[in-house]
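**Q** What follows is input-v5.json, made up of JSON, C-alpha atoms:
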[["chain", "number", "residue", "atom", "x", "y", "z"],
["T", 133, "VAL", "CA", 185.96, 125.63, 120.08],
["T", 134, "SER", "CA", 185.94, 128.78, 122.21],
["T", 135, "SER", "CA", 189.29, 129.81, 120.71],
["T", 136, "GLN", "CA", 187.59, 130.04, 117.31],
["T", 137, "LEU", "CA", 184.69, 132.23, 118.45],
["T", 138, "GLY", "CA", 184.45, 135.51, 116.58],
["T", 139, "ARG", "CA", 186.35, 134.34, 113.49],
["T", 140, "THR", "CA", 185.48, 135.98, 110.20],
["T", 141, "TYR", "CA", 184.26, 133.69, 107.43],
["T", 142, "SER", "CA", 184.56, 134.64, 103.78],
["T", 143, "LEU", "CA", 182.11, 133.86, 101.01],
["T", 144, "LEU", "CA", 182.80, 130.78, 98.91],
["T", 145, "ILE", "CA", 181.56, 131.11, 95.36],
["T", 146, "GLY", "CA", 182.54, 128.61, 92.68],
["T", 147, "GLY", "CA", 185.50, 127.46, 94.76],
["T", 148, "GLU", "CA", 186.79, 131.02, 95.22],
["T", 149, "ARG", "CA", 187.05, 132.56, 98.71],
["T", 150, "ILE", "CA", 185.86, 136.16, 98.73],
["T", 151, "THR", "CA", 186.26, 138.61, 101.59],
["T", 152, "THR", "CA", 184.02, 141.63, 101.88],
["T", 153, "SER", "CA", 184.35, 144.87, 103.80],
["T", 154, "GLU", "CA", 181.02, 144.28, 105.55],
["T", 155, "THR", "CA", 180.22, 141.34, 107.82],
["T", 156, "ARG", "CA", 177.24, 140.12, 109.81],
["T", 157, "ASP", "CA", 177.52, 138.75, 113.32],
["T", 158, "SER", "CA", 176.29, 135.24, 113.99],
["T", 159, "LEU", "CA", 175.19, 135.12, 117.62],
["T", 160, "ASP", "CA", 175.00, 132.21, 120.04],
["T", 161, "PRO", "CA", 171.26, 131.42, 120.30],
["T", 162, "GLY", "CA", 171.73, 130.59, 123.99],
["T", 163, "ASP", "CA", 173.63, 133.80, 124.75],
["T", 164, "SER", "CA", 172.91, 136.65, 122.36],
["T", 165, "LYS", "CA", 175.90, 138.60, 123.70],
["T", 166, "THR", "CA", 178.34, 136.00, 122.35],
["T", 167, "VAL", "CA", 179.42, 136.39, 118.73],
["T", 168, "VAL", "CA", 180.04, 132.90, 117.35],
["T", 169, "GLY", "CA", 181.43, 134.21, 114.09],
["T", 170, "LYS", "CA", 181.31, 136.97, 111.52],
["T", 171, "ALA", "CA", 180.08, 136.11, 108.03],
["T", 172, "ALA", "CA", 181.02, 138.11, 104.97],
["T", 173, "SER", "CA", 178.03, 140.09, 103.77],
["T", 174, "ALA", "CA", 177.14, 139.34, 100.15],
["T", 175, "THR", "CA", 176.10, 141.96, 97.62],
["T", 176, "SER", "CA", 173.66, 141.42, 94.76],
["T", 177, "GLU", "CA", 176.70, 140.86, 92.50],
["T", 178, "HIS", "CA", 177.86, 138.03, 94.77],
["T", 179, "ILE", "CA", 174.39, 136.50, 94.66],
["T", 180, "GLU", "CA", 174.37, 136.59, 90.85],
["T", 181, "ARG", "CA", 177.81, 134.95, 90.77],
["T", 182, "THR", "CA", 176.54, 132.29, 93.18],
["T", 183, "PHE", "CA", 173.62, 131.42, 90.89],
["T", 184, "GLU", "CA", 175.95, 131.25, 87.88],
["T", 185, "ALA", "CA", 178.34, 128.97, 89.77],
["T", 186, "ALA", "CA", 175.43, 126.75, 90.83],
["T", 187, "VAL", "CA", 174.23, 126.37, 87.23],
["T", 188, "GLU", "CA", 177.77, 125.46, 86.11],
["T", 189, "ALA", "CA", 178.15, 122.95, 88.94],
["T", 190, "THR", "CA", 174.77, 121.39, 88.10],
["T", 191, "ASP", "CA", 175.83, 120.97, 84.47],
["T", 192, "ARG", "CA", 179.11, 119.31, 85.54],
["T", 193, "TRP", "CA", 177.29, 117.02, 87.99],
["T", 194, "ARG", "CA", 174.79, 116.04, 85.30],
["T", 195, "ARG", "CA", 177.68, 114.93, 83.04],
["T", 196, "THR", "CA", 179.37, 112.97, 85.86],
["T", 197, "SER", "CA", 179.00, 109.19, 85.71],
["T", 198, "PRO", "CA", 176.76, 107.49, 88.28],
["T", 199, "GLU", "CA", 179.78, 105.62, 89.68],
["T", 200, "VAL", "CA", 181.70, 108.83, 90.36],
["T", 201, "ARG", "CA", 178.59, 110.46, 91.83],
["T", 202, "ALA", "CA", 178.09, 107.50, 94.17],
["T", 203, "ARG", "CA", 181.71, 107.65, 95.36],
["T", 204, "ALA", "CA", 181.40, 111.39, 95.99],
["T", 205, "LEU", "CA", 178.20, 110.96, 97.99],
["T", 206, "LEU", "CA", 179.61, 108.05, 100.02],
["T", 207, "ARG", "CA", 182.75, 110.06, 100.80],
["T", 208, "THR", "CA", 180.64, 113.05, 101.85],
["T", 209, "ALA", "CA", 178.54, 110.86, 104.15],
["T", 210, "SER", "CA", 181.71, 109.41, 105.68],
["T", 211, "LEU", "CA", 183.13, 112.87, 106.34],
["T", 212, "MET", "CA", 179.85, 114.02, 107.90],
["T", 213, "ARG", "CA", 179.74, 110.98, 110.20],
["T", 214, "ALA", "CA", 183.35, 111.50, 111.25],
["T", 215, "ARG", "CA", 182.70, 115.18, 111.96],
["T", 216, "ARG", "CA", 179.58, 114.34, 113.98],
["T", 217, "TYR", "CA", 181.57, 111.96, 116.20],
["T", 218, "GLU", "CA", 184.40, 114.48, 116.47],
["T", 219, "LEU", "CA", 182.00, 117.16, 117.69],
["T", 220, "ALA", "CA", 180.33, 114.76, 120.15],
["T", 221, "ALA", "CA", 183.62, 113.84, 121.81]]
Would you write out, as structure tokens, the structure that this file holds?
**A**
Amino acid sequence: VSSQLGRTYSLLIGGERITTSETRDSLDPGDSKTVVGKAASATSEHIERTFEAAVEATDRWRRTSPEVRARALLRTASLMRARRYELAA
């Protein structure tokens, strides 16, 4: 994990990765001198695009059958459990 400290993370809006010229440091809460990562800093335009993407995604989800929704949620839960065990090891 330490090899990934300080990485820069882009915005993700509607499936599109967006880099920005400004970033914000995310600090280790146990050691405020350690930068865990740098997050792209969003503008008001990015925020508007995020809301638009969320509305579109909600509309698509609403039209998705219950069976497909259930499979997606079960798969997400499985990935989260696997990641939790991976991080604990």
**Q** Go through T:Leu205, T:Ser210, T:Ser173, T:Arg215 one by one, measure the shortest atom-to-atom distance of each to T:Thr151 using only C-alpha atoms, and give the residue with the smallest value.
**A**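 Of the candidates, the smallest distance to T:Thr151 is held by T:Ser173.
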**Q** List the neighbours of stretch 182-194 of chain T out to 10 Å using only C-alpha atoms; skip same-chain residues closer than 6 positions along the sequence, and give me the result as a list of chain:residue names.
**A** T:Leu143, T:Leu144, T:Ile145, T:Gly146, T:Gly147, T:Ala174, T:Ser176, T:Val200, T:Arg201
**Q** For C-alpha atoms, I'd like the residues from the last selection saved as a compact mmCIF listing (two decimals), in the coordinates of the input.
**A**
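The new file again_34.txt reads:
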# COMPACT_ATOMS: atom_id res chain seq x y z
CA LEU T 143 182.11 133.86 101.01
CA LEU T 144 182.80 130.78 98.91
CA ILE T 145 181.56 131.11 95.36
CA GLY T 146 182.54 128.61 92.68
CA GLY T 147 185.50 127.46 94.76
CA ALA T 174 177.14 139.34 100.15
CA SER T 176 173.66 141.42 94.76
CA VAL T 200 181.70 108.83 90.36
CA ARG T 201 178.59 110.46 91.83
**Q** Which one is closest to T:Tyr141: T:Lys170, T:Arg216, T:Arg181, T:Arg156? Count only C-alpha atoms.
**A**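 The closest residue to T:Tyr141 is T:Lys170.
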**Q** Could you jot down the atom CA of T:Arg195 to atom CA of T:Arg213 separation for me, Å, one decimal place?
**A**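 Taking atom CA of T:Arg195 and atom CA of T:Arg213, their separation equals 27.5 Å.
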**Q** Residues around (181.4, 135.0, 110.0), cut-off 8 Å, counting only C-alpha atoms - what are they as a ChimeraX atom specification?
**A** /T:138-142,155-158,168-172
**Q** Would you write out those residues with C-alpha atoms, as a PDB file, in the frame of the given file?
**A**
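As written to disk, out-v3.pdb reads:
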ATOM      1  CA  GLY T 138     184.450 135.510 116.580  1.00  0.00           C
ATOM      2  CA  ARG T 139     186.350 134.340 113.490  1.00  0.00           C
ATOM      3  CA  THR T 140     185.480 135.980 110.200  1.00  0.00           C
ATOM      4  CA  TYR T 141     184.260 133.690 107.430  1.00  0.00           C
ATOM      5  CA  SER T 142     184.560 134.640 103.780  1.00  0.00           C
ATOM      6  CA  THR T 155     180.220 141.340 107.820  1.00  0.00           C
ATOM      7  CA  ARG T 156     177.240 140.120 109.810  1.00  0.00           C
ATOM      8  CA  ASP T 157     177.520 138.750 113.320  1.00  0.00           C
ATOM      9  CA  SER T 158     176.290 135.240 113.990  1.00  0.00           C
ATOM     10  CA  VAL T 168     180.040 132.900 117.350  1.00  0.00           C
ATOM     11  CA  GLY T 169     181.430 134.210 114.090  1.00  0.00           C
ATOM     12  CA  LYS T 170     181.310 136.970 111.520  1.00  0.00           C
ATOM     13  CA  ALA T 171     180.080 136.110 108.030  1.00  0.00           C
ATOM     14  CA  ALA T 172     181.020 138.110 104.970  1.00  0.00           C
TER      15      ALA T 172
END
**Q** One decimal, Å: what's the distance from atom CA of T:Glu154 over to atom CA of T:Thr175, could you say?
**A** 9.6 Å
**Q** What does the distance between atom CA of T:Ile150 and atom CA of T:Arg207 come to in Å, to one decimal place?
**A** 26.4 Å
